[in-house]
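The data block below is run19.cif; it holds mmCIF, C-alpha atoms and all ligand atoms.
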data_upload
#
loop_
_atom_site.label_atom_id
_atom_site.label_comp_id
_atom_site.auth_asym_id
_atom_site.auth_seq_id
_atom_site.Cartn_x
_atom_site.Cartn_y
_atom_site.Cartn_z
CA MET G 1 5.20 -1.66 -20.20
CA ARG G 2 3.81 -5.13 -19.57
CA THR G 3 0.36 -5.31 -17.96
CA LEU G 4 0.41 -7.60 -14.94
CA ILE G 5 -3.07 -7.00 -13.48
CA THR G 6 -5.88 -5.57 -15.61
CA GLU G 7 -8.48 -3.03 -14.48
CA THR G 8 -11.13 -5.76 -14.36
CA GLN G 9 -8.91 -8.03 -12.28
CA LEU G 10 -8.10 -5.15 -9.90
CA SER G 11 -11.77 -4.42 -9.36
CA ALA G 12 -12.53 -8.08 -8.56
CA GLY G 13 -9.45 -8.30 -6.29
CA VAL G 14 -10.40 -5.20 -4.30
CA SER G 15 -13.98 -6.49 -3.89
CA GLN G 16 -12.64 -9.81 -2.58
CA LEU G 17 -10.26 -7.93 -0.23
CA ALA G 18 -13.19 -5.88 1.13
CA HIS G 19 -15.22 -9.06 1.61
CA GLU G 20 -12.43 -10.67 3.66
CA ILE G 21 -12.04 -7.52 5.80
CA ASP G 22 -15.82 -7.29 6.34
CA THR G 23 -15.91 -10.95 7.37
CA HIS G 24 -13.09 -10.38 9.86
CA TYR G 25 -14.57 -7.30 11.59
CA GLN G 26 -18.25 -8.45 11.55
CA GLY G 27 -19.60 -4.87 11.52
CA ARG G 28 -17.31 -3.55 14.29
CA PRO G 29 -16.29 0.10 13.74
CA ILE G 30 -12.71 0.66 12.52
CA THR G 31 -10.27 3.47 11.77
CA VAL G 32 -8.89 2.98 8.26
CA VAL G 33 -5.49 4.61 7.69
CA ALA G 34 -4.08 5.14 4.19
CA VAL G 35 -0.31 5.09 3.69
CA LEU G 36 0.45 8.07 1.45
CA THR G 37 1.07 8.39 -1.32
CA GLY G 38 0.89 5.04 -3.05
CA SER G 39 -2.31 3.73 -1.45
CA VAL G 40 -4.62 6.59 -2.49
CA VAL G 41 -6.25 4.79 -5.42
CA LEU G 42 -6.72 1.50 -3.55
CA PHE G 43 -7.93 3.41 -0.48
CA ALA G 44 -10.65 5.27 -2.38
CA ASP G 45 -11.89 2.02 -3.95
CA LEU G 46 -11.60 -0.08 -0.79
CA ILE G 47 -13.36 2.13 1.77
CA ARG G 48 -16.42 2.40 -0.49
CA ARG G 49 -16.70 -1.39 -0.53
CA LEU G 50 -16.40 -1.88 3.24
CA SER G 51 -19.67 -2.03 5.16
CA MET G 52 -18.73 -1.30 8.82
CA PRO G 53 -18.78 2.22 10.33
CA GLN G 54 -15.41 3.84 9.53
CA ARG G 55 -13.24 6.78 10.48
CA VAL G 56 -10.61 7.48 7.83
CA GLY G 57 -7.15 8.96 8.22
CA VAL G 58 -3.79 9.24 6.48
CA ILE G 59 -0.12 8.82 7.36
CA GLN G 60 2.84 9.37 5.05
CA ALA G 61 5.76 6.97 4.68
CA SER G 62 8.41 7.29 2.03
CA SER G 63 11.58 5.32 1.31
CA TYR G 64 11.79 4.86 -2.46
CA ARG G 65 12.17 8.60 -3.21
CA GLY G 66 13.49 8.84 -6.75
CA GLY G 67 14.44 5.21 -7.17
CA THR G 68 13.53 1.55 -7.39
CA GLN G 69 15.49 0.52 -4.26
CA ALA G 70 14.47 1.33 -0.68
CA GLY G 71 16.38 4.10 1.11
CA GLU G 72 15.83 5.64 4.53
CA LEU G 73 12.20 5.29 5.68
CA VAL G 74 10.71 8.62 6.74
CA ILE G 75 7.31 8.73 8.51
CA ASP G 76 5.17 11.86 8.77
CA ALA G 77 2.15 11.45 11.08
CA LYS G 78 1.23 15.15 11.30
CA MET G 79 -2.04 14.63 9.41
CA LEU G 80 -3.07 11.45 11.25
CA ILE G 81 -6.30 11.45 13.27
CA ASP G 82 -6.34 10.11 16.84
CA VAL G 83 -5.96 6.33 16.93
CA LYS G 84 -5.89 5.78 20.71
CA ASN G 85 -8.05 2.77 21.71
CA ARG G 86 -9.20 2.34 18.09
CA ASP G 87 -9.09 -0.78 15.94
CA VAL G 88 -6.93 0.38 13.04
CA LEU G 89 -6.75 -1.06 9.53
CA LEU G 90 -3.57 0.15 7.82
CA VAL G 91 -3.91 0.16 4.01
CA ASP G 92 -0.94 0.20 1.64
CA ASP G 93 -0.47 -0.52 -2.05
CA ILE G 94 2.47 -2.93 -1.84
CA PHE G 95 4.39 -5.11 0.62
CA ASP G 96 7.89 -5.43 -0.86
CA THR G 97 10.62 -5.69 1.82
CA GLY G 98 7.85 -5.20 4.38
CA ALA G 99 9.84 -2.48 6.19
CA THR G 100 7.21 0.23 5.68
CA ILE G 101 4.30 -1.80 7.06
CA ALA G 102 6.39 -3.14 9.98
CA LYS G 103 7.52 0.34 11.06
CA LEU G 104 4.07 1.92 10.67
CA ARG G 105 2.42 -0.88 12.63
CA LYS G 106 4.85 -0.29 15.50
CA GLU G 107 4.28 3.46 15.29
CA LEU G 108 0.47 3.06 15.51
CA LEU G 109 0.76 0.64 18.44
CA SER G 110 3.02 3.14 20.20
CA MET G 111 0.14 5.64 19.81
CA ASP G 112 -2.01 3.19 21.82
CA ALA G 113 -4.14 1.85 18.96
CA ALA G 114 -6.24 -1.04 20.36
CA SER G 115 -5.25 -3.22 17.39
CA VAL G 116 -3.51 -2.77 14.05
CA ALA G 117 -4.34 -5.01 11.08
CA THR G 118 -2.75 -4.51 7.67
CA ALA G 119 -4.19 -4.76 4.16
CA VAL G 120 -2.26 -4.50 0.90
CA LEU G 121 -3.11 -4.73 -2.76
CA LEU G 122 0.14 -6.48 -3.72
CA ARG G 123 2.64 -8.69 -1.94
CA LYS G 124 5.92 -9.36 -3.74
CA SER G 125 7.56 -12.72 -3.31
CA ARG G 126 11.17 -12.15 -2.27
CA ALA G 127 13.47 -13.97 0.14
CA ASP G 128 14.67 -11.05 2.29
CA GLN G 129 11.26 -9.97 3.57
CA HIS G 130 9.96 -9.03 7.03
CA SER G 131 8.45 -12.25 8.32
CA ARG G 132 5.11 -10.85 9.53
CA ARG G 133 2.77 -11.04 6.52
CA PRO G 134 0.01 -8.49 5.95
CA ASP G 135 -3.32 -9.71 7.36
CA PHE G 136 -5.17 -9.14 4.07
CA ILE G 137 -3.58 -9.43 0.59
CA ALA G 138 -5.35 -9.01 -2.76
CA PHE G 139 -2.60 -10.23 -5.16
CA GLU G 140 0.74 -12.07 -4.88
CA ILE G 141 3.18 -10.87 -7.57
CA PRO G 142 6.71 -11.75 -8.74
CA ASP G 143 9.75 -9.68 -7.67
CA GLU G 144 9.59 -7.04 -10.44
CA PHE G 145 9.21 -3.25 -10.26
CA VAL G 146 5.55 -2.38 -10.83
CA VAL G 147 3.67 0.88 -11.43
CA GLY G 148 0.06 2.01 -11.79
CA TYR G 149 -3.09 2.14 -9.58
CA GLY G 150 -1.22 4.45 -7.17
CA LEU G 151 2.29 3.00 -7.56
CA ASP G 152 4.87 5.35 -9.06
CA TYR G 153 8.29 5.74 -10.52
CA LEU G 154 9.53 9.31 -9.91
CA ASP G 155 5.91 10.15 -9.03
CA MET G 156 4.79 9.21 -12.56
CA TYR G 157 2.31 6.45 -13.54
CA ARG G 158 0.17 6.57 -10.36
CA ASN G 159 -2.84 7.38 -12.57
CA LEU G 160 -2.69 4.19 -14.68
CA PRO G 161 -5.87 2.14 -14.04
CA TYR G 162 -3.90 -1.16 -14.20
CA ILE G 163 -0.70 -2.59 -12.69
CA ALA G 164 2.23 -2.94 -15.10
CA VAL G 165 5.86 -4.03 -14.89
CA LEU G 166 8.26 -1.17 -15.69
CA GLU G 167 11.16 -2.82 -17.52
CA PRO G 168 14.77 -1.62 -16.90
CA ASP G 169 14.94 0.27 -20.26
CA GLU G 170 11.64 2.02 -19.43
CA ILE G 171 12.96 2.93 -15.98
CA ALA G 172 16.01 4.53 -17.66
CA ALA G 173 13.86 6.32 -20.27
CA THR G 174 11.52 7.70 -17.57
CA ALA G 175 14.47 8.93 -15.51
CA ALA G 176 15.98 10.62 -18.59
CA GLU G 177 12.72 12.38 -19.49
CA PHE G 178 11.17 13.19 -16.09
CA GLY G 179 13.95 12.78 -13.50
O1 LIG X 201 7.66 -3.03 1.70
P1 LIG X 201 8.57 -1.88 1.42
O2 LIG X 201 9.87 -2.35 0.81
O3 LIG X 201 8.79 -0.99 2.60
O4 LIG X 201 7.92 -1.02 0.23
C1 LIG X 201 6.58 -0.65 0.21
C2 LIG X 201 6.40 0.84 0.23
O5 LIG X 201 7.07 1.45 -0.88
C3 LIG X 201 6.19 2.37 -1.53
O6 LIG X 201 6.24 3.63 -0.91
P2 LIG X 201 7.30 4.76 -1.32
O7 LIG X 201 8.38 4.83 -0.28
O8 LIG X 201 7.74 4.57 -2.74
O9 LIG X 201 6.45 6.09 -1.19
P3 LIG X 201 5.12 6.50 -2.00
O10 LIG X 201 3.97 5.74 -1.37
O11 LIG X 201 5.02 7.96 -1.76
O12 LIG X 201 5.31 6.14 -3.45
C4 LIG X 201 4.83 1.75 -1.31
O13 LIG X 201 3.81 2.71 -1.44
C5 LIG X 201 4.93 1.17 0.08
O14 LIG X 201 4.53 2.09 1.07
N1 LIG X 202 6.25 1.77 -7.71
C1 LIG X 202 6.74 0.85 -6.88
N2 LIG X 202 7.01 1.16 -5.61
C2 LIG X 202 7.49 0.17 -4.83
N3 LIG X 202 7.84 0.21 -3.54
C3 LIG X 202 8.26 -1.03 -3.21
N4 LIG X 202 8.20 -1.85 -4.26
C4 LIG X 202 7.72 -1.13 -5.29
C5 LIG X 202 7.41 -1.43 -6.66
O1 LIG X 202 7.58 -2.54 -7.18
N5 LIG X 202 6.92 -0.40 -7.39
#
Would you mind giving the structure from this file in structure tokens?
Amino acid sequence: MRTLITETQLSAGVSQLAHEIDTHYQGRPITVVAVLTGSVVLFADLIRRLSMPQRVGVIQASSYRGGTQAGELVIDAKMLIDVKNRDVLLVDDIFDTGATIAKLRKELLSMDAASVATAVLLRKSRADQHSRRPDFIAFEIPDEFVVGYGLDYLDMYRNLPYIAVLEPDEIAATAAEFG
């Protein structure tokens, strides 16, 4: 595994992300929504660095079940709190194709959220991406499969305190042992 972003760099990046979000909202209350499962580590760190009054909620979106390529995107909003007429900040770990963020944003607007802004820890650079960029991005990364700080392969590695690239032979070894 090759470390891409260290624990120290992550901490500084999340603080900077929180600063940019604070500057944008100027103390206005927001509803912060975590995209399960990958954003849980970022979410816990981020909301404690934001200074405005917050309601917090969760929504689940999953498309990489068991693999490194996106499949069908399934959204489960059963646990989501009411977002009607609220300014929502949607928080996810990574913007890869951008399909997850785009669909969730639409979903929240269809629930009559007053506004939906998006914040991600990582944005991959790839050509075939949804054109609407996240509003707040902590790190731009190359197009490689990454794990750690919430990001998984086969639900492993979410607990790593850093972001690392999982090389193809390590992907195969993980699948053989834990798949
Ligand atoms: O920009 P995209 O190509 O849509 O990819 C980004 C999404 O992929 C991952 O979720 P995943 O489906 O793996 O579910 P998880 O959060 O439960 O790991 C990640 O947490 C993002 O939500
Ligand atoms: N773990 C993980 N999940 C993703 N979902 C979309 N891209 C990625 C990635 O690079 N790593």
Closest atom pairs, residues of chain G within 7 Å of ligand LIG 201 (chain X), only C-alpha atoms and all ligand atoms, as a tab-separated table:
residue	atom	partner	partner_atom	distance
G:Val35	CA	X:LIG201	O14	6.3
G:Leu36	CA	X:LIG201	O10	5.1
G:Thr37	CA	X:LIG201	O10	3.9
G:Gly38	CA	X:LIG201	O10	3.6
G:Ser39	CA	X:LIG201	O13	6.2
G:Ala61	CA	X:LIG201	O9	6.0
G:Ser62	CA	X:LIG201	O7	3.4
G:Ser63	CA	X:LIG201	O7	3.6
G:Tyr64	CA	X:LIG201	O7	4.0
G:Arg65	CA	X:LIG201	O8	6.0
G:Ala70	CA	X:LIG201	O2	6.1
G:Asp92	CA	X:LIG201	O14	5.8
G:Asp93	CA	X:LIG201	O13	5.4
G:Ile94	CA	X:LIG201	C1	5.1
G:Phe95	CA	X:LIG201	O1	4.0
G:Asp96	CA	X:LIG201	O1	3.5
G:Thr97	CA	X:LIG201	O2	3.6
G:Gly98	CA	X:LIG201	O1	3.5
G:Ala99	CA	X:LIG201	O3	4.0
G:Thr100	CA	X:LIG201	O3	3.7
G:Ile101	CA	X:LIG201	O3	6.4
G:Leu151	CA	X:LIG201	O12	6.0
G:Asp152	CA	X:LIG201	O12	5.7
G:Asp155	CA	X:LIG201	O12	6.9
**Distance of atom CA of Val32 of chain G from atom CA of Arg133 of chain G, expressed in Å to one decimal place** =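 Computed distance, atom CA of Arg133 of chain G to atom CA of Val32 of chain G, equals 18.3 Å.
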**12 Å contact set for Thr174 of chain G, only C-alpha atoms, chain neighbours under 2 positions out, as a list in words** =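 These residues fall inside the cut-off: Met1, Gly66, Gly67, Asp152, Tyr153, Leu154, Asp155, Met156, Tyr157, Leu166, Glu167, Pro168, Asp169, Glu170, Ile171, Ala172, Ala176, Glu177, Phe178 and Gly179 of chain G.
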**Message:** Given only C-alpha atoms as the basis, pick out the residue of G:Ala173, G:Ile59, G:Ala77, G:Leu46 nearest to Gly13 of chain G.
**Reply:** G:Leu46
**Asked** Of the candidates G:His130, G:Lys103, G:Lys124, G:Arg2, which shows the shortest atom-to-atom distance to ligand LIG 202 (chain X), using all atoms listed in the file?
**Response**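 Counting all atoms listed in the file, the residue closest to ligand LIG 202 (chain X) is G:Lys124.
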**Request:** Could you check how far atom CA of Pro142 of chain G sits from atom CA of Leu10 of chain G, in Å to one decimal?
**Result:** 16.3 Å
Taking all atoms of ligand LIG 202 (chain X) that appear in the file, build a box with edges along x, y and z, extend it by 4 Å on every side, and state its centre and edge lengths in Å to one decimal, as JSON.
{"center_x": 7.3, "center_y": -0.4, "center_z": -5.5, "size_x": 10.0, "size_y": 12.3, "size_z": 12.5}
**Message:** Rounded to one decimal, what separation in Å do you get between atom CA of Thr6 of chain G and atom C2 of ligand LIG 202 (chain X)?
**Reply:**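 Interatomic distance, atom CA of Thr6 of chain G to atom C2 of ligand LIG 202 (chain X): 18.1 Å.
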**Asked** So which one's closest to ligand LIG 202 (chain X), G:Ser15, G:Thr31, G:Thr68, G:Ser115? Using only C-alpha atoms and all ligand atoms, please.
**Response**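 The answer is G:Thr68, which sits nearest to ligand LIG 202 (chain X).
Point (-6.5, 9.9, 16.0) has the following residues at most 10 Å away: Thr31, Val33, Arg55, Val56, Gly57, Val58, Met79, Leu80, Ile81, Asp82, Val83, Lys84, Asn85, Arg86, Val88, Leu108, Met111, Asp112 and Ala113 of chain G (atoms considered: all atoms listed in the file).
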Can you spit out segment 5-152 of chain G with C-alpha atoms, as a CSV table (one decimal), in the first residue's frame, from the structure just given?
chain,number,residue,atom,x,y,z
G,5,ILE,CA,-2.1,11.5,2.1
G,6,THR,CA,-0.7,11.3,5.6
G,7,GLU,CA,-2.7,11.7,8.8
G,8,THR,CA,-1.1,15.1,9.4
G,9,GLN,CA,-2.0,16.2,5.9
G,10,LEU,CA,-5.6,15.0,6.3
G,11,SER,CA,-6.0,16.9,9.5
G,12,ALA,CA,-4.8,20.1,7.9
G,13,GLY,CA,-6.9,19.5,4.8
G,14,VAL,CA,-10.1,19.0,6.8
G,15,SER,CA,-9.4,22.1,8.9
G,16,GLN,CA,-9.0,24.1,5.7
G,17,LEU,CA,-12.2,22.6,4.3
G,18,ALA,CA,-14.1,23.6,7.5
G,19,HIS,CA,-12.7,27.1,7.2
G,20,GLU,CA,-13.9,27.5,3.6
G,21,ILE,CA,-17.4,26.2,4.6
G,22,ASP,CA,-17.6,28.5,7.6
G,23,THR,CA,-16.6,31.4,5.4
G,24,HIS,CA,-19.3,30.6,2.9
G,25,TYR,CA,-22.2,30.2,5.4
G,26,GLN,CA,-21.2,33.1,7.7
G,27,GLY,CA,-22.8,31.6,10.8
G,28,ARG,CA,-26.1,30.6,9.0
G,29,PRO,CA,-27.6,27.4,10.4
G,30,ILE,CA,-27.2,24.3,8.1
G,31,THR,CA,-28.3,20.7,7.9
G,32,VAL,CA,-25.2,18.5,7.3
G,33,VAL,CA,-25.9,15.2,5.7
G,34,ALA,CA,-23.3,12.4,5.6
G,35,VAL,CA,-23.3,9.9,2.7
G,36,LEU,CA,-22.9,6.5,4.3
G,37,THR,CA,-20.8,4.6,4.6
G,38,GLY,CA,-17.6,6.1,3.3
G,39,SER,CA,-18.0,9.6,4.7
G,40,VAL,CA,-18.3,8.6,8.4
G,41,VAL,CA,-14.7,9.4,9.4
G,42,LEU,CA,-14.6,12.7,7.5
G,43,PHE,CA,-18.0,13.6,8.8
G,44,ALA,CA,-17.0,13.1,12.4
G,45,ASP,CA,-13.9,15.3,12.0
G,46,LEU,CA,-15.6,17.9,9.9
G,47,ILE,CA,-18.7,18.7,11.9
G,48,ARG,CA,-16.6,19.3,15.0
G,49,ARG,CA,-14.6,21.9,13.1
G,50,LEU,CA,-17.6,23.8,11.8
G,51,SER,CA,-18.8,26.8,13.9
G,52,MET,CA,-22.4,27.4,12.7
G,53,PRO,CA,-25.5,25.8,14.3
G,54,GLN,CA,-26.0,22.4,12.7
G,55,ARG,CA,-28.5,19.6,12.4
G,56,VAL,CA,-26.9,16.4,11.3
G,57,GLY,CA,-28.3,13.5,9.3
G,58,VAL,CA,-27.4,10.6,7.2
G,59,ILE,CA,-28.3,9.1,3.8
G,60,GLN,CA,-26.9,5.9,2.3
G,61,ALA,CA,-25.7,5.6,-1.3
G,62,SER,CA,-23.9,2.5,-2.7
G,63,SER,CA,-22.6,1.6,-6.1
G,64,TYR,CA,-19.2,0.0,-5.7
G,65,ARG,CA,-20.5,-3.0,-3.7
G,66,GLY,CA,-17.7,-5.6,-3.8
G,67,GLY,CA,-15.6,-3.9,-6.5
G,68,THR,CA,-13.5,-1.1,-7.8
G,69,GLN,CA,-15.9,-0.1,-10.6
G,70,ALA,CA,-19.2,1.6,-10.2
G,71,GLY,CA,-22.4,-0.5,-10.6
G,72,GLU,CA,-26.0,0.4,-10.1
G,73,LEU,CA,-26.4,3.3,-7.6
G,74,VAL,CA,-28.9,2.5,-4.8
G,75,ILE,CA,-30.1,5.3,-2.5
G,76,ASP,CA,-31.6,4.6,0.9
G,77,ALA,CA,-33.1,7.7,2.6
G,78,LYS,CA,-35.0,5.9,5.3
G,79,MET,CA,-32.8,7.3,8.1
G,80,LEU,CA,-32.6,10.9,6.7
G,81,ILE,CA,-34.0,13.7,8.8
G,82,ASP,CA,-36.4,16.3,7.3
G,83,VAL,CA,-34.6,18.6,4.9
G,84,LYS,CA,-37.6,20.7,3.7
G,85,ASN,CA,-36.7,24.4,3.5
G,86,ARG,CA,-33.2,23.7,5.0
G,87,ASP,CA,-29.8,24.7,3.6
G,88,VAL,CA,-28.1,21.3,3.2
G,89,LEU,CA,-24.4,20.5,3.1
G,90,LEU,CA,-23.9,17.0,1.6
G,91,VAL,CA,-20.6,15.5,2.8
G,92,ASP,CA,-19.0,12.6,0.9
G,93,ASP,CA,-15.5,11.0,1.0
G,94,ILE,CA,-14.8,11.0,-2.7
G,95,PHE,CA,-16.0,12.4,-6.0
G,96,ASP,CA,-14.9,9.9,-8.7
G,97,THR,CA,-17.4,9.7,-11.6
G,98,GLY,CA,-19.5,12.2,-9.7
G,99,ALA,CA,-22.7,10.1,-10.2
G,100,THR,CA,-23.3,9.6,-6.5
G,101,ILE,CA,-23.2,13.3,-5.6
G,102,ALA,CA,-25.2,14.3,-8.7
G,103,LYS,CA,-28.0,11.9,-7.9
G,104,LEU,CA,-28.1,12.7,-4.2
G,105,ARG,CA,-28.2,16.4,-4.9
G,106,LYS,CA,-31.2,15.9,-7.1
G,107,GLU,CA,-32.9,13.7,-4.5
G,108,LEU,CA,-32.4,16.3,-1.8
G,109,LEU,CA,-33.7,19.1,-4.0
G,110,SER,CA,-36.8,16.9,-4.8
G,111,MET,CA,-37.4,16.8,-1.0
G,112,ASP,CA,-37.6,20.6,-1.1
G,113,ALA,CA,-34.3,21.4,0.5
G,114,ALA,CA,-33.8,25.2,0.2
G,115,SER,CA,-30.2,24.7,-1.1
G,116,VAL,CA,-27.8,21.8,-1.5
G,117,ALA,CA,-24.0,22.4,-1.4
G,118,THR,CA,-21.5,19.5,-1.6
G,119,ALA,CA,-18.2,18.9,0.2
G,120,VAL,CA,-15.8,16.1,-0.4
G,121,LEU,CA,-12.5,15.1,0.9
G,122,LEU,CA,-11.1,13.8,-2.4
G,123,ARG,CA,-11.8,14.6,-6.0
G,124,LYS,CA,-10.3,12.3,-8.6
G,125,SER,CA,-9.1,13.7,-11.9
G,126,ARG,CA,-10.7,11.7,-14.7
G,127,ALA,CA,-12.1,12.7,-18.1
G,128,ASP,CA,-15.5,11.0,-17.9
G,129,GLN,CA,-16.8,12.9,-14.9
G,130,HIS,CA,-20.1,14.7,-14.1
G,131,SER,CA,-19.4,18.3,-15.0
G,132,ARG,CA,-20.8,19.9,-11.8
G,133,ARG,CA,-17.8,20.0,-9.4
G,134,PRO,CA,-18.3,19.7,-5.6
G,135,ASP,CA,-18.6,23.2,-4.0
G,136,PHE,CA,-15.9,22.3,-1.4
G,137,ILE,CA,-12.9,20.0,-2.1
G,138,ALA,CA,-10.0,19.2,0.3
G,139,PHE,CA,-7.7,17.3,-2.0
G,140,GLU,CA,-7.4,16.6,-5.7
G,141,ILE,CA,-5.9,13.1,-6.4
G,142,PRO,CA,-4.9,11.1,-9.4
G,143,ASP,CA,-7.2,8.4,-11.0
G,144,GLU,CA,-6.1,5.5,-8.7
G,145,PHE,CA,-8.1,3.3,-6.4
G,146,VAL,CA,-7.7,4.6,-2.8
G,147,VAL,CA,-8.6,3.3,0.6
G,148,GLY,CA,-8.5,4.5,4.2
G,149,TYR,CA,-10.1,7.4,6.3
G,150,GLY,CA,-13.5,5.8,5.6
G,151,LEU,CA,-12.9,4.5,2.0
G,152,ASP,CA,-13.0,0.8,1.6
